[in-house]
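Participant: Structure in structure tokens, see below.
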Amino acid sequence: MGAKHSRPSASSARRPDISVVIPALNEERSIAQAIASAQQTGPDPPCEVVVVDGGSKDHTVCIAEKMGAKVLLSRPGRGLQMNLGWRHSNGDCVLFLHADSTLPSGYQGMVKAALSKQQPAQMPSLLWGCFETIDADIPDGLRRCVLKQAVKARTRWHHMPYGDQALFVKASLIRELSGFKEVPIMEDFDLVKRLRRHGPPAIIPHALQTSGRRWQTVGFFRTTLTNQAIILAYHCGVPLQTLAGWYRKGQSAA
């Protein structure tokens with residue numbers, strides 16, 4: 001599908017430091033908060049916000065346009081949508097934000113500081129990164145804390161952040177890698193594996209706020225087990241279409 005652009009703002013002539021790409025599909029309940037969090041400026045210059053809609057049947061597109069985001073229309077598929085987004089972005093760095101998540105105040109400074117951190121001798125410059133963990137709005141405080149600490153450990157020890165941690169990548173590197181693979185599932189996992197070949201992630205020591213709807217609707221333990229089973233099967237070479245079917249079945253079983 002073609003791209004549908006909202007009207008550019010007065011500041012659009014200036015090349016942004018960061019472009020925030022938000023893939024969306026029927027996210028009218030959360031898209032405004034995601035966009036607003038990306039548009040916050042503070043002491044930093046305005047960033048570019050690109051919403052890539054995968055065929056929403058609700059008011060997602062209307063809300064995004066009213067808020068001044070650049071809106072692109074796409075076929076559904078997170079990898080496809082995020083590729084369309086970064087290819088139509090202008091920032092020196094591209095940050096990929098899920099539509100049910102929000103960025104913290106001052107995130108632009110955090111991203112720039114993380115990427116400019118001095119590395120030890122013989123270590124490559126930092127070209128990509130993420131937030132250290134997520135803070136999902138799960139009512140059960142213990143489960144919320146367990147999830148938060150588990151994501152933090154995976155990120156710190158194994159350098160394997162997931163897409164819900166707001167991955168950010170230097171524009172030059174995302175172009176070199178040709179972006180995400182346009183696959184039915186695991187597109188973020190695959191990208192991170194390729195990013196790791198270019199050095200470790202720049203980790204922002206801050207939690208990213210995100211929705212706990214999947215953990216609440218599907219169930220905390222079911223979601224955890226499904227995620228781990230899919231990752232194990234992925235490593236064992238199970239076809240991605242099969243994994244996507246398992247994921248959809250897990251979502252609908254709630």
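Residue numbers start at 1 in each chain; chains themselves are named A, B, ... in the order of the structure tokens; ligands are numbered from 1 in the order shown.
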Please identify all polymer residues within 12 Å of Val151 in chain A, counting only C-alpha atoms, omitting same-chain residues fewer than 6 positions from it, and present them as number ranges by chain.

Facilitator: A: 130-136, 144-145, 157-165, 206-208, 224

Participant: Compile the contact shell of range 45-60 of chain A as a PyMOL selection string: residues with an atom at most 8 Å away, counting only C-alpha atoms, same-chain residues fewer than 2 positions apart removed.

Facilitator: chain A and resi 11-12+16-28+31+35+38-43+62-64+69-77+81-82+84-85+89-91

Participant: Run DSSP on the backbone and tell me which residues of range 120-185 of chain A come out as strand (DSSP E or B); list them as an mmCIF file with N, CA and C atoms, in the first residue's frame.

Facilitator:
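What follows is the written file states.cif:
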```cif
data_model
loop_
_atom_site.group_PDB
_atom_site.id
_atom_site.type_symbol
_atom_site.label_atom_id
_atom_site.label_comp_id
_atom_site.auth_asym_id
_atom_site.auth_seq_id
_atom_site.Cartn_x
_atom_site.Cartn_y
_atom_site.Cartn_z
ATOM 1 N N TRP A 128 23.725 0.562 18.677
ATOM 2 C CA TRP A 128 22.331 0.204 18.905
ATOM 3 C C TRP A 128 22.118 0.011 20.408
ATOM 4 N N GLY A 129 20.871 -0.064 20.807
ATOM 5 C CA GLY A 129 20.618 -0.220 22.229
ATOM 6 C C GLY A 129 19.148 -0.435 22.538
ATOM 7 N N CYS A 130 18.839 -0.301 23.832
ATOM 8 C CA CYS A 130 17.486 -0.591 24.306
ATOM 9 C C CYS A 130 17.340 -0.070 25.729
ATOM 10 N N PHE A 131 16.124 -0.125 26.244
ATOM 11 C CA PHE A 131 15.901 0.127 27.655
ATOM 12 C C PHE A 131 16.193 -1.160 28.412
ATOM 13 N N GLU A 132 16.652 -1.011 29.626
ATOM 14 C CA GLU A 132 17.127 -2.148 30.411
ATOM 15 C C GLU A 132 16.060 -3.213 30.651
ATOM 16 N N THR A 133 14.822 -2.752 30.865
ATOM 17 C CA THR A 133 13.743 -3.684 31.167
ATOM 18 C C THR A 133 12.411 -3.033 30.859
ATOM 19 N N ILE A 134 11.334 -3.765 31.154
ATOM 20 C CA ILE A 134 9.992 -3.226 30.977
ATOM 21 C C ILE A 134 9.278 -3.198 32.322
ATOM 22 N N ASP A 135 8.330 -2.312 32.429
ATOM 23 C CA ASP A 135 7.471 -2.248 33.614
ATOM 24 C C ASP A 135 6.039 -2.374 33.127
ATOM 25 N N ALA A 136 5.538 -3.606 33.103
ATOM 26 C CA ALA A 136 4.184 -3.872 32.599
ATOM 27 C C ALA A 136 3.157 -3.591 33.686
ATOM 28 N N PHE A 168 16.668 0.800 19.705
ATOM 29 C CA PHE A 168 17.074 1.956 18.895
ATOM 30 C C PHE A 168 18.382 1.620 18.192
ATOM 31 N N VAL A 169 18.489 2.088 16.943
ATOM 32 C CA VAL A 169 19.608 1.715 16.071
ATOM 33 C C VAL A 169 20.048 2.935 15.272
ATOM 34 N N LYS A 170 21.341 3.116 15.138
ATOM 35 C CA LYS A 170 21.839 4.164 14.254
ATOM 36 C C LYS A 170 21.283 3.920 12.849
#
```

Participant: List every residue of range 45-244 of chain A that DSSP, applied to the backbone of this structure, assigns to helix (DSSP H, G or I), and report them as a PyMOL selection string.

Facilitator: chain A and resi 60-66+78-87+107-115+141-158+163-165+171-176+187-198+213-218+220-235+240-244

Participant: For His235 in chain A, work out the shell of residues within 12 Å, counting only C-alpha atoms and skipping chain neighbours fewer than 5 positions away, then give it as a VMD selection string.

Facilitator: chain A and resid 186 189 to 190 193 228 to 230 240 243

Participant: Using only C-alpha atoms, find the one residue out of A:Ser211, A:Ser172, A:Thr226, A:Gln251 that sits nearest to Asp100 in chain A.

Facilitator: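 Comparing A:Ser211, A:Ser172, A:Thr226, A:Gln251 against Asp100 in chain A, the winner is A:Ser211.
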
Participant: Smallest atom-to-atom distance to Ile138 in chain A: which of A:Lys181, A:Lys152, A:Arg214, A:Arg196, using only C-alpha atoms?

Facilitator: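 Smallest separation from Ile138 in chain A among the options: A:Arg214.
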
Participant: Nearest residue to Phe221 in chain A out of A:Gly250, A:Gly79, A:Gly68, A:Gly141, using only C-alpha atoms?

Facilitator: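 Ranked by minimum distance to Phe221 in chain A, first place goes to A:Gly250.
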
Participant: Would you pick out the contacts of Arg87 in chain A at 10 Å or less, using only C-alpha atoms, so that residues sharing its chain but fewer than 6 positions from it are not included, and give the list as a PyMOL selection string?

Facilitator: chain A and resi 94+171+174-175+178-179

Participant: Name the closest residue to Val183 in chain A among the candidates A:Thr242, A:Thr155, A:Gln149, A:Ser30; distances are taken between atoms, counting only C-alpha atoms.

Facilitator: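 Under the stated criterion, the closest residue is A:Thr242.
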
Participant: Quick check, in Å to one decimal: how far apart do CA of Thr210 in chain A and CA of Ala34 in chain A lie?

Facilitator: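 According to the coordinates, CA of Thr210 in chain A and CA of Ala34 in chain A are separated by 9.6 Å.
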